[in-house]
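Novice: I am sharing model-v1.pdb, which consists of PDB, C-alpha atoms:
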```
ATOM      1  CA  MET P  15       3.809  -5.649  14.008
ATOM      2  CA  SER P  16       3.356  -9.418  13.861
ATOM      3  CA  ASP P  17       6.098 -11.911  13.066
ATOM      4  CA  ASN P  18       4.312 -12.637   9.769
ATOM      5  CA  GLN P  19       4.309  -8.957   8.814
ATOM      6  CA  ILE P  20       8.018  -8.688   9.657
ATOM      7  CA  ALA P  21       8.673 -11.679   7.403
ATOM      8  CA  LEU P  22       6.660 -10.032   4.611
ATOM      9  CA  ALA P  23       8.616  -6.793   5.058
ATOM     10  CA  ARG P  24      11.870  -8.718   4.723
ATOM     11  CA  ARG P  25      10.587 -10.451   1.572
ATOM     12  CA  PHE P  26       9.624  -7.058   0.150
ATOM     13  CA  ARG P  27      13.069  -5.642   0.934
ATOM     14  CA  ASP P  28      14.700  -8.697  -0.644
ATOM     15  CA  LEU P  29      12.708  -8.163  -3.856
ATOM     16  CA  HIS P  30      14.359  -4.740  -4.132
ATOM     17  CA  GLU P  31      17.872  -6.125  -3.616
ATOM     18  CA  VAL P  32      18.039  -8.795  -6.312
ATOM     19  CA  PRO P  33      19.436  -7.945  -9.754
ATOM     20  CA  GLY P  34      16.865  -6.967 -12.339
ATOM     21  CA  MET P  35      13.351  -5.958 -11.494
ATOM     22  CA  PHE P  36      10.093  -7.405 -10.281
ATOM     23  CA  LEU P  37       6.548  -6.580 -11.290
ATOM     24  CA  MET P  38       4.138  -5.424  -8.609
ATOM     25  CA  PRO P  39       0.589  -4.899  -9.879
ATOM     26  CA  ASP P  40      -1.942  -2.744  -8.063
ATOM     27  CA  ALA P  41      -5.048  -4.139  -6.383
ATOM     28  CA  TRP P  42      -8.171  -2.177  -5.498
ATOM     29  CA  SER P  43     -10.058  -4.780  -3.484
ATOM     30  CA  PRO P  44      -9.423  -7.979  -1.529
ATOM     31  CA  LYS P  45     -10.635 -10.071  -4.470
ATOM     32  CA  SER P  46      -8.370  -8.341  -6.992
ATOM     33  CA  ALA P  47      -5.412  -8.814  -4.624
ATOM     34  CA  ARG P  48      -6.121 -12.539  -4.279
ATOM     35  CA  MET P  49      -6.376 -12.880  -8.067
ATOM     36  CA  LEU P  50      -3.037 -11.103  -8.575
ATOM     37  CA  GLU P  51      -1.364 -13.242  -5.921
ATOM     38  CA  ALA P  52      -2.781 -16.399  -7.536
ATOM     39  CA  ALA P  53      -1.289 -15.226 -10.847
ATOM     40  CA  GLY P  54       2.132 -15.452  -9.204
ATOM     41  CA  PHE P  55       3.073 -11.858  -8.445
ATOM     42  CA  PRO P  56       5.578 -11.675  -5.556
ATOM     43  CA  ALA P  57       4.122  -8.458  -4.081
ATOM     44  CA  ILE P  58       0.959  -6.381  -4.471
ATOM     45  CA  GLY P  59       0.543  -2.610  -4.491
ATOM     46  CA  THR P  60      -2.583  -0.562  -4.069
ATOM     47  CA  THR P  61      -4.012   2.030  -6.406
ATOM     48  CA  ARG P  62      -5.545   5.228  -5.090
ATOM     49  CA  SER P  63      -7.611   5.517  -8.249
ATOM     50  CA  GLY P  64      -8.893   1.953  -8.074
ATOM     51  CA  ILE P  65      -9.758   2.198  -4.398
ATOM     52  CA  ALA P  66     -11.513   5.527  -4.995
ATOM     53  CA  GLN P  67     -13.529   4.071  -7.864
ATOM     54  CA  SER P  68     -14.467   1.031  -5.799
ATOM     55  CA  LEU P  69     -15.852   3.502  -3.221
ATOM     56  CA  GLY P  70     -17.736   5.441  -5.897
ATOM     57  CA  VAL P  71     -15.463   8.485  -5.534
ATOM     58  CA  VAL P  72     -14.008  10.506  -8.410
ATOM     59  CA  GLU P  73     -10.226  10.033  -8.334
ATOM     60  CA  ARG P  74      -8.057  13.072  -7.706
ATOM     61  CA  GLN P  75      -5.407  14.015  -5.147
ATOM     62  CA  GLY P  76      -6.990  13.911  -1.714
ATOM     63  CA  CYS P  77     -10.145  12.165  -2.947
ATOM     64  CA  ILE P  78     -10.023   9.417  -0.344
ATOM     65  CA  THR P  79      -9.290   9.842   3.322
ATOM     66  CA  LEU P  80      -6.641   8.173   5.405
ATOM     67  CA  ARG P  81      -9.397   6.219   7.169
ATOM     68  CA  GLN P  82     -10.681   4.900   3.821
ATOM     69  CA  THR P  83      -7.133   4.022   2.789
ATOM     70  CA  VAL P  84      -6.435   2.203   6.054
ATOM     71  CA  ASP P  85      -9.715   0.285   5.769
ATOM     72  CA  ALA P  86      -8.861  -0.723   2.192
ATOM     73  CA  ILE P  87      -5.364  -1.841   3.229
ATOM     74  CA  ALA P  88      -6.777  -3.959   6.051
ATOM     75  CA  GLY P  89      -9.179  -5.685   3.663
ATOM     76  CA  ILE P  90      -6.673  -6.180   0.866
ATOM     77  CA  GLY P  91      -3.826  -7.304   3.112
ATOM     78  CA  SER P  92      -5.886  -9.755   5.145
ATOM     79  CA  GLY P  93      -6.525 -11.961   2.118
ATOM     80  CA  ILE P  94      -2.997 -12.318   0.715
ATOM     81  CA  ASP P  95       0.278 -13.922   1.755
ATOM     82  CA  VAL P  96       2.615 -11.629  -0.211
ATOM     83  CA  PRO P  97       3.949  -8.179   0.739
ATOM     84  CA  LEU P  98       1.566  -5.231   0.341
ATOM     85  CA  SER P  99       2.781  -1.751  -0.593
ATOM     86  CA  VAL P 100       0.480   1.275  -0.502
ATOM     87  CA  ASP P 101      -0.095   4.230  -2.839
ATOM     88  CA  PHE P 102       0.177   6.790  -0.073
ATOM     89  CA  GLU P 103      -0.723   9.965  -1.990
ATOM     90  CA  SER P 104       1.264  12.859  -0.494
ATOM     91  CA  GLY P 105       1.488  11.211   2.906
ATOM     92  CA  PHE P 106      -1.863  12.267   4.395
ATOM     93  CA  GLY P 107      -0.339  15.065   6.425
ATOM     94  CA  ALA P 108       1.083  18.564   6.364
ATOM     95  CA  THR P 109       3.936  17.826   8.776
ATOM     96  CA  SER P 110       6.465  15.022   9.020
ATOM     97  CA  GLU P 111       4.824  13.987  12.297
ATOM     98  CA  ASP P 112       1.425  13.716  10.581
ATOM     99  CA  VAL P 113       2.918  11.598   7.794
ATOM    100  CA  ALA P 114       4.720   9.367  10.300
ATOM    101  CA  GLU P 115       1.460   8.814  12.214
ATOM    102  CA  ALA P 116      -0.347   7.967   8.972
ATOM    103  CA  ILE P 117       2.393   5.501   8.013
ATOM    104  CA  TRP P 118       2.118   3.764  11.394
ATOM    105  CA  ARG P 119      -1.631   3.423  10.819
ATOM    106  CA  THR P 120      -1.030   1.740   7.447
ATOM    107  CA  ILE P 121       1.558  -0.585   8.996
ATOM    108  CA  ASP P 122      -0.981  -1.499  11.673
ATOM    109  CA  ALA P 123      -3.420  -2.277   8.835
ATOM    110  CA  GLY P 124      -0.934  -4.667   7.180
ATOM    111  CA  ALA P 125       1.220  -2.700   4.729
ATOM    112  CA  VAL P 126       4.976  -3.239   4.544
ATOM    113  CA  GLY P 127       5.819  -0.551   1.975
ATOM    114  CA  ALA P 128       4.529   2.733   0.582
ATOM    115  CA  THR P 129       5.030   5.220  -2.204
ATOM    116  CA  ILE P 130       4.599   8.912  -1.483
ATOM    117  CA  ALA P 131       4.037  11.390  -4.323
ATOM    118  CA  ASP P 132       6.170  14.510  -4.168
ATOM    119  CA  GLN P 133       3.761  17.416  -3.837
ATOM    120  CA  SER P 134       6.440  20.040  -3.171
ATOM    121  CA  GLY P 135       6.501  21.402  -6.720
ATOM    122  CA  VAL P 136      10.278  20.959  -6.775
ATOM    123  CA  ALA P 137      11.503  18.806  -9.643
TER
END
```
Translate the structure described by the file into C-alpha coordinates.

Specialist:
Amino acid sequence: MSDNQIALARRFRDLHEVPGMFLMPDAWSPKSARMLEAAGFPAIGTTRSGIAQSLGVVERQGCITLRQTVDAIAGIGSGIDVPLSVDFESGFGATSEDVAEAIWRTIDAGAVGATIADQSGVA
(Lines of atoms letter the chains of each structure in order from A and count residues from 1; the text may use other names and numbers.)
(Lines give C-alpha, C1' and ligand atoms only; values in the text may rest on other atoms or scores of the structure.)
Protein backbone atom coordinates (compact mmCIF):
# COMPACT_ATOMS: atom_id res chain seq x y z
CA MET A 1 0.00 0.00 0.00
CA SER A 2 1.45 3.36 -1.02
CA ASP A 3 1.73 6.39 1.23
CA ASN A 4 -0.93 8.08 -0.92
CA GLN A 5 -3.34 5.18 -0.46
CA ILE A 6 -2.75 5.23 3.31
CA ALA A 7 -3.55 8.95 3.31
CA LEU A 8 -6.74 8.27 1.33
CA ALA A 9 -7.72 5.53 3.78
CA ARG A 10 -7.28 7.95 6.67
CA ARG A 11 -9.39 10.57 4.87
CA PHE A 12 -12.09 7.95 4.30
CA ARG A 13 -12.03 6.96 7.98
CA ASP A 14 -12.20 10.62 8.99
CA LEU A 15 -15.31 11.12 6.82
CA HIS A 16 -17.02 8.45 8.94
CA GLU A 17 -16.03 10.09 12.24
CA VAL A 18 -17.36 13.61 11.76
CA PRO A 19 -20.87 14.51 12.97
CA GLY A 20 -23.58 14.25 10.36
CA MET A 21 -23.18 12.39 7.12
CA PHE A 22 -21.42 12.62 3.80
CA LEU A 23 -22.62 11.69 0.34
CA MET A 24 -20.63 9.14 -1.62
CA PRO A 25 -21.94 8.57 -5.15
CA ASP A 26 -21.16 5.46 -7.16
CA ALA A 27 -18.99 5.48 -10.28
CA TRP A 28 -18.96 2.82 -12.98
CA SER A 29 -16.01 4.00 -15.06
CA PRO A 30 -12.90 6.17 -14.74
CA LYS A 31 -14.68 9.04 -16.50
CA SER A 32 -17.73 8.92 -14.24
CA ALA A 33 -15.43 8.88 -11.19
CA ARG A 34 -13.55 11.96 -12.41
CA MET A 35 -16.84 13.77 -13.05
CA LEU A 36 -18.10 12.97 -9.54
CA GLU A 37 -14.82 14.08 -7.98
CA ALA A 38 -14.94 17.33 -9.99
CA ALA A 39 -18.46 17.89 -8.63
CA GLY A 40 -16.93 18.01 -5.15
CA PHE A 41 -17.77 14.65 -3.62
CA PRO A 42 -15.26 13.73 -0.87
CA ALA A 43 -15.25 9.99 -1.70
CA ILE A 44 -16.42 7.74 -4.53
CA GLY A 45 -18.01 4.30 -4.38
CA THR A 46 -18.43 1.76 -7.11
CA THR A 47 -21.62 0.15 -8.34
CA ARG A 48 -21.74 -3.52 -9.25
CA SER A 49 -24.69 -2.84 -11.52
CA GLY A 50 -23.02 0.06 -13.30
CA ILE A 51 -19.77 -1.82 -13.79
CA ALA A 52 -21.68 -4.86 -15.07
CA GLN A 53 -23.64 -2.73 -17.53
CA SER A 54 -20.47 -1.01 -18.73
CA LEU A 55 -19.15 -4.52 -19.50
CA GLY A 56 -22.36 -5.49 -21.29
CA VAL A 57 -23.34 -7.97 -18.57
CA VAL A 58 -26.82 -8.35 -17.08
CA GLU A 59 -26.62 -7.30 -13.42
CA ARG A 60 -27.36 -9.90 -10.78
CA GLN A 61 -25.48 -11.34 -7.80
CA GLY A 62 -22.29 -12.93 -9.07
CA CYS A 63 -22.62 -11.41 -12.55
CA ILE A 64 -19.11 -9.99 -12.62
CA THR A 65 -15.97 -11.75 -11.51
CA LEU A 66 -13.43 -10.65 -8.97
CA ARG A 67 -10.96 -10.10 -11.82
CA GLN A 68 -13.43 -7.77 -13.58
CA THR A 69 -14.05 -5.95 -10.31
CA VAL A 70 -10.34 -5.54 -9.61
CA ASP A 71 -9.74 -4.27 -13.15
CA ALA A 72 -12.58 -1.75 -12.77
CA ILE A 73 -11.23 -0.57 -9.40
CA ALA A 74 -7.75 -0.08 -10.87
CA GLY A 75 -9.16 2.03 -13.70
CA ILE A 76 -11.53 4.06 -11.55
CA GLY A 77 -9.07 4.63 -8.72
CA SER A 78 -6.16 5.64 -10.94
CA GLY A 79 -7.97 8.74 -12.16
CA ILE A 80 -9.16 10.25 -8.87
CA ASP A 81 -7.59 11.82 -5.79
CA VAL A 82 -10.38 10.98 -3.32
CA PRO A 83 -10.99 7.73 -1.40
CA LEU A 84 -12.54 4.85 -3.34
CA SER A 85 -14.87 2.32 -1.70
CA VAL A 86 -16.02 -0.82 -3.51
CA ASP A 87 -19.37 -2.61 -3.84
CA PHE A 88 -17.94 -5.99 -2.94
CA GLU A 89 -20.99 -8.20 -3.52
CA SER A 90 -20.88 -11.06 -1.00
CA GLY A 91 -17.11 -10.94 -0.73
CA PHE A 92 -16.14 -13.08 -3.74
CA GLY A 93 -15.50 -16.15 -1.64
CA ALA A 94 -17.04 -19.02 0.28
CA THR A 95 -14.59 -18.85 3.19
CA SER A 96 -13.24 -16.00 5.28
CA GLU A 97 -9.80 -16.70 3.80
CA ASP A 98 -11.19 -16.35 0.26
CA VAL A 99 -12.86 -13.05 1.17
CA ALA A 100 -9.68 -11.77 2.83
CA GLU A 101 -7.65 -12.62 -0.30
CA ALA A 102 -10.21 -10.84 -2.49
CA ILE A 103 -10.09 -7.77 -0.25
CA TRP A 104 -6.29 -7.65 -0.48
CA ARG A 105 -6.61 -7.75 -4.28
CA THR A 106 -8.97 -4.76 -4.23
CA ILE A 107 -6.63 -2.87 -1.90
CA ASP A 108 -3.78 -3.59 -4.30
CA ALA A 109 -5.99 -2.15 -7.07
CA GLY A 110 -6.53 1.10 -5.12
CA ALA A 111 -9.61 0.72 -2.92
CA VAL A 112 -9.62 1.93 0.68
CA GLY A 113 -13.09 0.72 1.69
CA ALA A 114 -15.71 -1.87 0.79
CA THR A 115 -19.29 -2.87 1.41
CA ILE A 116 -20.18 -6.55 1.61
CA ALA A 117 -23.79 -7.70 1.18
CA ASP A 118 -24.99 -10.18 3.76
CA GLN A 119 -25.87 -13.34 1.85
CA SER A 120 -26.41 -15.50 4.94
CA GLY A 121 -30.20 -15.25 4.90
CA VAL A 122 -30.13 -14.18 8.54
CA ALA A 123 -31.85 -10.86 9.18

Novice: Take the PyMOL selection byres ((chain P and resi 61) around 8), apply it to the structure above, and return the hits as a PyMOL selection string.

Specialist: chain P and resi 40-42+59-60+62-65+100-101

Novice: Report the centre and edge lengths, in Å to one decimal, of an axis-aligned box enclosing every atom of segment 22-27 of chain P listed in the file, padded by 6 Å on each side, as lines of an AutoDock Vina configuration file.

Specialist:
```
center_x = 9.9
center_y = -8.0
center_z = 2.6
size_x = 18.4
size_y = 16.8
size_z = 16.9
```

Novice: Pick the closest to Arg48 of chain P from P:Ile78, P:Val113, P:Ala123, P:Leu98: which is it, counting all atoms listed in the file?

Specialist: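 Looking at the shortest contact to Arg48 of chain P, the residue is P:Leu98.
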
Novice: Using only C-alpha atoms, which of P:Ala57, P:Ala116, P:Ile90, P:Val126 sits nearest Lys45 of chain P?

Specialist: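 That would be P:Ile90, the residue with the smallest distance to Lys45 of chain P.
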
Novice: Work out how far atom CA of Ala86 of chain P is from atom CA of Thr109 of chain P, in Å to one decimal.

Specialist: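 The value is 23.5 Å.
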
Novice: Report the distance between atom CA of Ile117 of chain P and atom CA of Val71 of chain P in Å, rounded to one decimal place.

Specialist: 22.6 Å

Novice: Write out as an NGL selection string which residues come within 9 Å of Leu37 of chain P when counting only C-alpha atoms, dropping same-chain ones fewer than 2 positions away.

Specialist: :P and (35 or 39 or 55-58)

Novice: When distances are computed from all atoms listed in the file, which of P:Gly70, P:Gly107, P:Gly54, P:Pro97 shows the smallest separation from Gly127 of chain P?

Specialist: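 Among the listed residues, P:Pro97 lies closest to Gly127 of chain P.
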
Novice: Quick one: pull the distance between atom CA of Pro44 of chain P and atom CA of Asp95 of chain P, Å, one decimal.

Specialist: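 Between atom CA of Pro44 of chain P and atom CA of Asp95 of chain P the gap works out to 11.8 Å.
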
Novice: Could you list, as a PyMOL selection string, every residue within 9 Å of Val84 of chain P, counting only C-alpha atoms and ignoring same-chain residues fewer than 5 positions away?

Specialist: chain P and resi 79+89+116+119-124

Novice: Translate the PyMOL selection byres ((chain P and resi 18) around 12), as applied to the file shown, into an explicit residue set as a CSV table (one decimal) with C-alpha atoms, in the coordinates of the input.

Specialist:
```csv
chain,number,residue,atom,x,y,z
P,15,MET,CA,3.8,-5.6,14.0
P,16,SER,CA,3.4,-9.4,13.9
P,17,ASP,CA,6.1,-11.9,13.1
P,19,GLN,CA,4.3,-9.0,8.8
P,20,ILE,CA,8.0,-8.7,9.7
P,21,ALA,CA,8.7,-11.7,7.4
P,22,LEU,CA,6.7,-10.0,4.6
P,23,ALA,CA,8.6,-6.8,5.1
P,24,ARG,CA,11.9,-8.7,4.7
P,25,ARG,CA,10.6,-10.5,1.6
P,91,GLY,CA,-3.8,-7.3,3.1
P,92,SER,CA,-5.9,-9.8,5.1
P,94,ILE,CA,-3.0,-12.3,0.7
P,95,ASP,CA,0.3,-13.9,1.8
P,96,VAL,CA,2.6,-11.6,-0.2
P,97,PRO,CA,3.9,-8.2,0.7
P,124,GLY,CA,-0.9,-4.7,7.2
P,125,ALA,CA,1.2,-2.7,4.7
P,126,VAL,CA,5.0,-3.2,4.5
```
